[in-house]
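Novice: Pasting target_29.cif below, which is mmCIF, C-alpha atoms.
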```cif
data_entry
loop_
_atom_site.label_atom_id
_atom_site.label_comp_id
_atom_site.auth_asym_id
_atom_site.auth_seq_id
_atom_site.Cartn_x
_atom_site.Cartn_y
_atom_site.Cartn_z
CA MET A 19 -22.58 44.37 -131.56
CA PRO A 20 -21.23 47.93 -131.78
CA ALA A 21 -17.45 48.34 -131.60
CA ILE A 22 -15.23 51.21 -130.43
CA SER A 23 -14.56 52.01 -134.11
CA ASP A 24 -18.30 52.63 -134.60
CA VAL A 25 -18.31 55.03 -131.65
CA ALA A 26 -15.24 56.83 -133.01
CA ARG A 27 -16.76 57.17 -136.50
CA LEU A 28 -20.06 58.54 -135.15
CA ALA A 29 -18.29 60.99 -132.84
CA GLY A 30 -15.80 62.05 -135.51
CA VAL A 31 -12.70 61.14 -133.50
CA SER A 32 -9.96 58.51 -133.63
CA LYS A 33 -10.37 55.12 -131.90
CA ALA A 34 -7.64 56.10 -129.42
CA THR A 35 -9.49 59.29 -128.48
CA ALA A 36 -12.78 57.41 -128.13
CA SER A 37 -11.10 54.84 -125.90
CA ARG A 38 -9.54 57.54 -123.70
CA ALA A 39 -12.84 59.38 -123.43
CA LEU A 40 -14.76 56.29 -122.31
CA SER A 41 -12.07 54.89 -120.00
CA GLY A 42 -11.22 58.18 -118.32
CA ARG A 43 -7.53 57.53 -118.95
CA GLY A 44 -5.55 60.32 -120.57
CA HIS A 45 -6.53 63.87 -121.46
CA VAL A 46 -9.59 64.47 -123.61
CA ALA A 47 -11.33 67.82 -123.98
CA GLU A 48 -14.63 67.88 -122.11
CA GLN A 49 -16.64 68.73 -125.22
CA THR A 50 -15.04 65.82 -127.09
CA ARG A 51 -15.64 63.45 -124.17
CA LEU A 52 -19.33 64.35 -124.06
CA ARG A 53 -19.61 63.81 -127.84
CA VAL A 54 -18.03 60.35 -127.51
CA VAL A 55 -20.24 59.39 -124.55
CA HIS A 56 -23.33 60.50 -126.46
CA ALA A 57 -22.27 58.48 -129.51
CA ALA A 58 -21.67 55.36 -127.40
CA SER A 59 -25.08 55.76 -125.77
CA GLU A 60 -26.78 56.30 -129.12
CA ILE A 61 -25.56 53.01 -130.62
CA GLY A 62 -25.61 51.02 -127.35
CA TYR A 63 -21.85 50.50 -127.06
CA ILE A 64 -20.64 48.97 -123.78
CA ALA A 65 -16.91 48.92 -123.11
CA SER A 66 -15.46 45.46 -122.44
CA PRO A 67 -13.74 45.27 -119.05
CA ASP A 68 -11.34 42.64 -120.38
CA ALA A 69 -10.36 44.80 -123.33
CA ALA A 70 -9.96 47.83 -121.12
CA SER A 71 -7.71 45.93 -118.74
CA LEU A 72 -5.43 44.95 -121.62
CA VAL A 73 -5.00 48.63 -122.48
CA THR A 74 -4.82 50.12 -118.99
CA GLY A 75 -3.36 47.22 -117.02
CA ARG A 76 -6.28 47.61 -114.59
CA THR A 77 -8.99 45.05 -113.87
CA LYS A 78 -11.42 47.42 -112.11
CA ASN A 79 -11.58 44.75 -109.41
CA ILE A 80 -10.62 45.01 -105.72
CA GLY A 81 -9.84 41.96 -103.60
CA VAL A 82 -11.32 42.01 -100.09
CA VAL A 83 -9.96 39.65 -97.42
CA ILE A 84 -12.29 39.10 -94.46
CA PRO A 85 -12.24 36.56 -91.58
CA PHE A 86 -16.01 36.46 -90.91
CA VAL A 87 -19.00 37.16 -93.13
CA ASN A 88 -21.66 36.43 -90.49
CA ARG A 89 -20.76 39.03 -87.86
CA TRP A 90 -22.31 42.47 -87.88
CA PHE A 91 -19.12 44.55 -87.82
CA PHE A 92 -17.60 42.78 -90.82
CA GLY A 93 -20.88 42.85 -92.72
CA ALA A 94 -21.21 46.59 -92.10
CA VAL A 95 -17.63 47.24 -93.30
CA LEU A 96 -18.31 45.13 -96.38
CA ASP A 97 -21.48 47.09 -97.11
CA GLY A 98 -19.51 50.35 -97.08
CA ILE A 99 -16.85 48.86 -99.35
CA GLU A 100 -19.33 47.44 -101.85
CA ARG A 101 -21.41 50.61 -102.13
CA THR A 102 -18.31 52.74 -102.71
CA LEU A 103 -16.82 50.34 -105.26
CA LEU A 104 -20.07 50.16 -107.22
CA ALA A 105 -20.24 53.96 -107.32
CA ALA A 106 -16.66 54.02 -108.67
CA GLY A 107 -17.37 51.36 -111.30
CA TYR A 108 -15.33 48.63 -109.61
CA ASP A 109 -16.04 44.97 -108.94
CA LEU A 110 -15.27 43.11 -105.70
CA THR A 111 -13.77 39.66 -105.17
CA LEU A 112 -14.30 38.37 -101.62
CA TYR A 113 -11.93 36.00 -99.81
CA ASN A 114 -13.21 34.48 -96.56
CA LEU A 115 -9.95 33.97 -94.67
CA PRO A 116 -9.53 31.07 -92.20
CA ILE A 117 -7.78 31.86 -88.91
CA SER A 118 -4.91 29.52 -89.70
CA GLY A 119 -3.86 26.46 -91.67
CA PRO A 120 -3.24 25.63 -95.34
CA ASP A 121 -6.51 27.22 -96.51
CA ARG A 122 -5.31 30.56 -95.15
CA SER A 123 -1.97 30.19 -96.91
CA ARG A 124 -3.73 29.44 -100.19
CA VAL A 125 -5.58 32.77 -100.06
CA PHE A 126 -2.27 34.65 -100.05
CA ASP A 127 -0.06 32.26 -102.01
CA PHE A 128 -2.51 31.13 -104.67
CA PHE A 129 -5.81 32.99 -104.95
CA LEU A 130 -4.49 36.55 -104.66
CA ALA A 131 -1.67 35.60 -107.02
CA ARG A 132 -3.98 33.91 -109.55
CA LYS A 133 -6.87 36.34 -109.49
CA ARG A 134 -6.32 39.72 -111.10
CA VAL A 135 -7.08 42.55 -108.69
CA ASP A 136 -5.92 46.15 -108.70
CA ALA A 137 -5.70 46.48 -104.90
CA VAL A 138 -6.42 44.52 -101.73
CA ILE A 139 -8.45 45.58 -98.68
CA VAL A 140 -7.89 43.44 -95.57
CA ILE A 141 -10.47 43.65 -92.76
CA GLY A 142 -9.72 42.74 -89.15
CA VAL A 143 -6.84 40.37 -89.87
CA ASP A 144 -3.56 40.07 -87.96
CA LEU A 145 -1.15 39.72 -90.87
CA SER A 146 2.17 37.91 -90.52
CA ASP A 147 5.38 39.31 -91.99
CA GLY A 148 5.26 36.60 -94.64
CA GLU A 149 1.72 37.48 -95.67
CA ILE A 150 2.56 41.17 -95.87
CA GLY A 151 5.67 40.37 -97.90
CA GLY A 152 3.60 38.29 -100.31
CA LEU A 153 1.15 41.14 -100.83
CA GLU A 154 3.95 43.65 -101.33
CA ARG A 155 5.66 41.44 -103.92
CA ARG A 156 2.52 41.65 -106.06
CA GLU A 157 2.97 45.44 -106.07
CA LYS A 158 -0.70 46.07 -105.37
CA PRO A 159 -1.90 48.74 -102.94
CA VAL A 160 -2.93 47.20 -99.61
CA VAL A 161 -5.30 48.94 -97.20
CA CYS A 162 -6.06 47.35 -93.82
CA ILE A 163 -9.02 48.03 -91.56
CA GLY A 164 -8.12 47.11 -87.99
CA GLY A 165 -5.93 44.07 -87.41
CA SER A 166 -2.16 44.27 -87.05
CA GLY A 167 0.97 44.12 -89.18
CA GLU A 168 3.27 46.74 -90.72
CA VAL A 169 1.46 47.97 -93.83
CA THR A 170 1.43 51.36 -95.56
CA ALA A 171 -2.22 52.23 -95.02
CA ARG A 172 -4.31 51.20 -92.03
CA LEU A 173 -7.64 52.52 -90.80
CA SER A 174 -8.56 51.72 -87.21
CA ILE A 175 -10.03 53.08 -84.04
CA ASP A 176 -7.78 53.38 -80.98
CA ASP A 177 -8.64 50.00 -79.47
CA HIS A 178 -6.43 50.57 -76.43
CA ASP A 179 -8.30 53.76 -75.63
CA VAL A 180 -11.59 51.92 -76.14
CA GLY A 181 -10.59 49.54 -73.34
CA VAL A 182 -9.60 52.43 -71.10
CA LEU A 183 -12.86 54.28 -71.79
CA ALA A 184 -15.07 51.24 -71.16
CA ALA A 185 -13.34 50.42 -67.86
CA SER A 186 -13.34 54.07 -66.80
CA HIS A 187 -17.09 54.34 -67.39
CA LEU A 188 -17.72 51.38 -65.08
CA LEU A 189 -15.21 52.60 -62.50
CA HIS A 190 -16.78 56.06 -62.42
CA LEU A 191 -20.14 54.43 -61.69
CA GLY A 192 -18.53 52.84 -58.62
CA HIS A 193 -17.97 49.26 -59.76
CA THR A 194 -15.01 47.46 -58.17
CA ARG A 195 -15.66 43.91 -59.41
CA ILE A 196 -15.37 44.20 -63.17
CA ALA A 197 -14.93 41.49 -65.78
CA HIS A 198 -13.78 41.88 -69.35
CA LEU A 199 -15.00 39.41 -71.95
CA ALA A 200 -12.08 39.61 -74.37
CA GLY A 201 -11.81 38.09 -77.83
CA LEU A 202 -10.03 34.78 -78.23
CA GLY A 203 -6.23 35.13 -78.06
CA ALA A 204 -6.36 38.59 -76.48
CA MET A 205 -3.74 37.90 -73.82
CA SER A 206 -1.36 36.06 -76.15
CA ALA A 207 -1.62 38.58 -79.02
CA PRO A 208 -1.25 42.04 -77.42
CA ARG A 209 -1.16 43.90 -80.75
CA SER A 210 -4.43 42.40 -81.98
CA VAL A 211 -7.76 44.23 -81.60
CA PRO A 212 -8.85 42.02 -78.67
CA GLY A 213 -5.37 42.34 -77.15
CA LEU A 214 -5.36 46.13 -77.31
CA ARG A 215 -8.84 46.38 -75.80
CA ALA A 216 -7.84 44.04 -72.98
CA ALA A 217 -4.65 46.00 -72.36
CA GLY A 218 -6.58 49.26 -72.09
CA PHE A 219 -9.05 47.67 -69.69
CA LEU A 220 -6.26 46.34 -67.46
CA GLU A 221 -4.39 49.65 -67.53
CA ALA A 222 -7.49 51.49 -66.26
CA THR A 223 -8.40 48.93 -63.61
CA ASP A 224 -4.81 48.70 -62.40
CA ALA A 225 -4.63 52.49 -62.11
CA ALA A 226 -7.80 52.31 -59.99
CA GLY A 227 -6.12 49.82 -57.64
CA LEU A 228 -8.07 46.75 -58.73
CA PRO A 229 -5.94 43.57 -58.74
CA LEU A 230 -6.19 41.09 -61.58
CA ARG A 231 -8.11 38.05 -60.33
CA SER A 232 -9.00 34.64 -61.71
CA GLU A 233 -12.66 34.02 -62.50
CA GLU A 234 -12.53 31.09 -60.06
CA ASP A 235 -11.17 33.28 -57.26
CA PRO A 236 -13.47 32.53 -54.31
CA ALA A 237 -12.65 35.78 -52.50
CA GLY A 238 -15.25 37.75 -54.40
CA GLY A 239 -13.60 41.03 -53.45
CA PRO A 240 -12.61 43.99 -55.60
CA GLY A 241 -10.70 43.09 -58.73
CA ALA A 242 -10.56 42.77 -62.50
CA ILE A 243 -11.21 39.53 -64.39
CA VAL A 244 -10.40 38.73 -68.02
CA VAL A 245 -12.20 35.86 -69.77
CA GLU A 246 -11.59 35.07 -73.44
CA ALA A 247 -14.44 34.02 -75.71
CA ALA A 248 -15.54 34.17 -79.33
CA MET A 249 -16.60 37.70 -80.26
CA SER A 250 -20.16 36.66 -81.08
CA MET A 251 -23.51 36.43 -79.33
CA PRO A 252 -23.14 32.68 -78.60
CA GLY A 253 -19.60 33.34 -77.36
CA GLY A 254 -20.83 36.03 -74.99
CA PHE A 255 -23.74 33.87 -73.82
CA GLU A 256 -21.57 30.85 -73.00
CA ALA A 257 -18.89 32.92 -71.29
CA GLY A 258 -21.58 34.87 -69.44
CA LEU A 259 -23.12 31.71 -68.01
CA GLN A 260 -19.69 30.60 -66.82
CA LEU A 261 -18.77 33.99 -65.40
CA LEU A 262 -22.06 34.78 -63.68
CA GLY A 263 -22.94 31.32 -62.44
CA HIS A 264 -21.22 31.66 -59.03
CA PRO A 265 -23.09 34.15 -56.82
CA ALA A 266 -20.28 34.44 -54.26
CA HIS A 267 -17.79 35.97 -56.66
CA ARG A 268 -19.64 37.14 -59.75
CA PRO A 269 -18.74 40.64 -61.02
CA THR A 270 -21.12 43.58 -60.83
CA ALA A 271 -20.10 44.84 -64.27
CA VAL A 272 -18.91 43.39 -67.58
CA PHE A 273 -17.07 45.07 -70.43
CA ALA A 274 -17.63 42.97 -73.56
CA ALA A 275 -15.18 43.36 -76.45
CA SER A 276 -18.05 43.60 -78.95
CA ASP A 277 -21.73 44.45 -78.84
CA GLU A 278 -22.62 40.95 -80.03
CA MET A 279 -20.76 39.51 -77.02
CA ALA A 280 -22.62 42.00 -74.82
CA PHE A 281 -25.98 40.83 -76.20
CA GLY A 282 -24.99 37.29 -75.25
CA VAL A 283 -24.01 38.36 -71.71
CA ILE A 284 -27.36 40.11 -71.25
CA ARG A 285 -29.19 36.93 -72.31
CA ALA A 286 -27.01 34.86 -69.95
CA ALA A 287 -27.86 37.21 -67.07
CA GLU A 288 -31.55 36.85 -67.86
CA ARG A 289 -31.21 33.06 -67.94
CA LEU A 290 -29.68 33.19 -64.46
CA GLY A 291 -32.41 35.46 -63.10
CA LEU A 292 -30.20 38.57 -62.94
CA SER A 293 -31.48 42.03 -63.79
CA VAL A 294 -29.52 44.40 -66.02
CA PRO A 295 -28.41 46.91 -64.77
CA ARG A 296 -29.58 46.34 -61.16
CA ASP A 297 -27.52 43.17 -60.69
CA LEU A 298 -25.11 43.57 -63.58
CA SER A 299 -23.95 46.49 -65.72
CA VAL A 300 -22.90 45.69 -69.30
CA ILE A 301 -21.02 47.80 -71.85
CA GLY A 302 -20.01 46.77 -75.37
CA VAL A 303 -18.13 48.08 -78.38
CA ASP A 304 -19.25 48.80 -81.96
CA GLY A 305 -22.53 50.73 -82.05
CA HIS A 306 -24.39 47.68 -83.41
CA GLU A 307 -27.66 48.44 -85.17
CA HIS A 308 -29.49 46.49 -82.43
CA ALA A 309 -27.70 48.14 -79.49
CA GLU A 310 -30.60 50.50 -78.84
CA LEU A 311 -33.03 47.55 -78.91
CA PHE A 312 -31.02 45.93 -76.10
CA ASP A 313 -30.70 49.34 -74.34
CA LEU A 314 -26.95 48.67 -74.45
CA THR A 315 -24.32 51.18 -73.42
CA THR A 316 -21.68 51.01 -76.14
CA ILE A 317 -18.58 52.65 -77.56
CA ALA A 318 -19.75 53.23 -81.10
CA GLN A 319 -17.68 53.26 -84.24
CA SER A 320 -18.77 53.47 -87.88
CA PRO A 321 -17.70 50.33 -89.78
CA SER A 322 -19.55 51.36 -92.93
CA ASP A 323 -17.60 54.63 -93.04
CA GLN A 324 -14.38 52.67 -92.50
CA GLY A 325 -15.22 50.54 -95.53
CA ARG A 326 -16.00 53.61 -97.64
CA LEU A 327 -12.77 55.33 -96.63
CA ALA A 328 -10.70 52.19 -97.28
CA VAL A 329 -11.94 52.16 -100.89
CA GLU A 330 -11.22 55.86 -101.27
CA VAL A 331 -7.68 55.34 -99.97
CA ALA A 332 -7.10 52.34 -102.26
CA LEU A 333 -8.33 54.24 -105.32
CA ARG A 334 -6.19 57.22 -104.36
CA MET A 335 -3.16 54.95 -104.13
CA LEU A 336 -4.01 53.47 -107.54
CA GLY A 337 -4.20 57.00 -108.92
CA GLY A 338 -0.67 57.73 -107.75
CA GLU A 339 -1.72 60.33 -105.22
CA ALA A 340 -0.11 58.69 -102.22
CA GLN A 341 2.77 61.15 -102.16
CA ALA A 342 0.64 64.24 -102.59
CA ASP A 343 -1.82 63.37 -99.82
CA PRO A 344 -0.55 61.40 -96.80
CA LEU A 345 -2.29 58.08 -96.23
CA PRO A 346 -3.65 56.98 -92.85
CA ASP A 347 -1.08 54.63 -91.33
CA SER A 348 -1.96 54.25 -87.66
CA GLY A 349 -1.67 58.02 -87.22
CA ALA A 350 -5.03 59.62 -86.49
CA PRO A 351 -7.50 56.96 -85.32
CA MET A 352 -11.03 56.67 -86.63
CA PRO A 353 -13.61 58.31 -84.36
CA THR A 354 -15.55 56.59 -81.57
CA ARG A 355 -18.09 57.85 -79.03
CA LEU A 356 -19.52 56.57 -75.78
CA ILE A 357 -23.29 56.13 -75.93
CA VAL A 358 -24.71 55.63 -72.43
CA ARG A 359 -27.97 53.70 -72.22
CA GLY A 360 -29.81 51.70 -69.59
CA SER A 361 -27.50 48.68 -69.39
CA THR A 362 -25.05 50.45 -67.03
CA SER A 363 -25.71 52.05 -63.65
CA ARG A 364 -24.22 52.37 -60.18
CA PRO A 365 -23.90 49.05 -58.37
CA VAL A 366 -26.54 48.19 -55.76
CA ALA A 367 -25.14 48.63 -52.25
CA GLY A 368 -24.32 45.35 -50.52
#
```
So that I can check it, write out the structure of this file as structure tokens.
Specialist:
Amino acid sequence: MPAISDVARLAGVSKATASRALSGRGHVAEQTRLRVVHAASEIGYIASPDAASLVTGRTKNIGVVIPFVNRWFFGAVLDGIERTLLAAGYDLTLYNLPISGPDRSRVFDFFLARKRVDAVIVIGVDLSDGEIGGLERREKPVVCIGGSGEVTARLSIDDHDVGVLAASHLLHLGHTRIAHLAGLGAMSAPRSVPGLRAAGFLEATDAAGLPLRSEEDPAGGPGAIVVEAAMSMPGGFEAGLQLLGHPAHRPTAVFAASDEMAFGVIRAAERLGLSVPRDLSVIGVDGHEHAELFDLTTIAQSPSDQGRLAVEVALRMLGGEAQADPLPDSGAPMPTRLIVRGSTSRPVAG
């Protein structure tokens, strides 16, 4: 098996220069670098990641912490991360994080401590102060996508404004009985993604003069309703059956906290013999790849781009460029756009 000394001898340089040329660490003249790369290719030399990490202190590996692997948003973010890491020559170690309990603690206290990673990307997780402190003690760059917690770099859309925009769209159509299918824990965790979307929804409906009502309220008059459910298609379906099953006080419009929840609500409406949008308008969030198939009005974001940018930020932090180029830290939000389709319309009179 060829060694770095063989590459150096063929290229006519020292082993240190050959190593710098192939690792990209340290200054090497471009002509010399090309000569070393050609020599390595000619004899089939492949640099050992383990050996390189001993020299550079880098593992070329990024840890990614994610709460769900079977939901579209998280899968799309992960796709953007993986593609960008592969292009940069980095590996990925994935940690599927439980919501709570000892298994969650082990991810932060054991696995991230035991496994060698250069940086950590956390997707859609509400981090506690203790978890953030543990990550900071390891002196690894941390980039969060969504979620909550005081970290240096966070990429997120403005979830509060998303709630305002979704409610405003339905209000402008003339709906006065509007329900919000919020993610689990939305009302008890106001800084979480579901909490921020619910808060925006309630701010807009309150400004429009709609009182907050219980879903069991028999009055059936104007008002806003918040129902928590899992942010998935089954979660939306089950909550939709519950919400729409009482003709006397069912809403005329639903804002679902994710497109997958919205798909479930549409299926629940169909099960109950309701027509979308004649009997029920539905709007979601995400810009899911199947939103057009369901003719769903949605507030679209780009999770794949968020994953790509998170990697770029992490690599920039590893390169020591954090001071030269400010990092996103809940300043400018990631872009969103309202896409109006056939699932929302004016309510039918009467």
Novice: Choose the residue, out of A:Ala247, A:Val331, A:Ile196, A:Leu145, that has the smallest atom-to-atom separation from A:Arg209; count all atoms listed in the file.
Specialist: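 The answer is A:Leu145, which sits nearest to A:Arg209.
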Novice: In Å, with one decimal, what is the gap from atom CA of A:Gly30 to atom CA of A:Tyr63?
Specialist: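 Those two atoms sit 15.5 Å apart.
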Novice: Which residues, named as in the file, does the PyMOL selection byres ((chain A and resi 329) around 9) pick out? Answer as a PyMOL selection string.
Specialist: chain A and resi 80+98-100+102-103+139+161+324-328+330-334
Novice: Please list as a VMD selection string every residue within 10 Å of A:Leu28, counting all atoms listed in the file and excluding residues in the same chain fewer than 2 positions away.
Specialist: chain A and resid 22 to 26 30 to 31 53 to 54 56 to 58 60 to 61
Novice: Could you pull the residues within 9 Å of A:His45, counting all atoms listed in the file, minus those fewer than 5 positions along the same chain, as a PyMOL selection string?
Specialist: chain A and resi 35+38-39
Novice: Go ahead and write the selection's residues with C-alpha atoms as a compact mmCIF listing (two decimals), in the frame of the given file.
Specialist:
```txt
# COMPACT_ATOMS: atom_id res chain seq x y z
CA THR A 35 -9.49 59.29 -128.48
CA ARG A 38 -9.54 57.54 -123.70
CA ALA A 39 -12.84 59.38 -123.43
```
Novice: Take the point (-8.5, 38.1, -60.0) as written in the file and pick out every residue within 6 Å of it, counting only C-alpha atoms; give the list as a PyMOL selection string.
Specialist: chain A and resi 230-232+241-243
Novice: Using all atoms listed in the file, which residues sit within 7 Å of A:Asp304 once same-chain residues fewer than 5 positions away are excluded, as a VMD selection string?
Specialist: chain A and resid 276 to 277 316 to 319
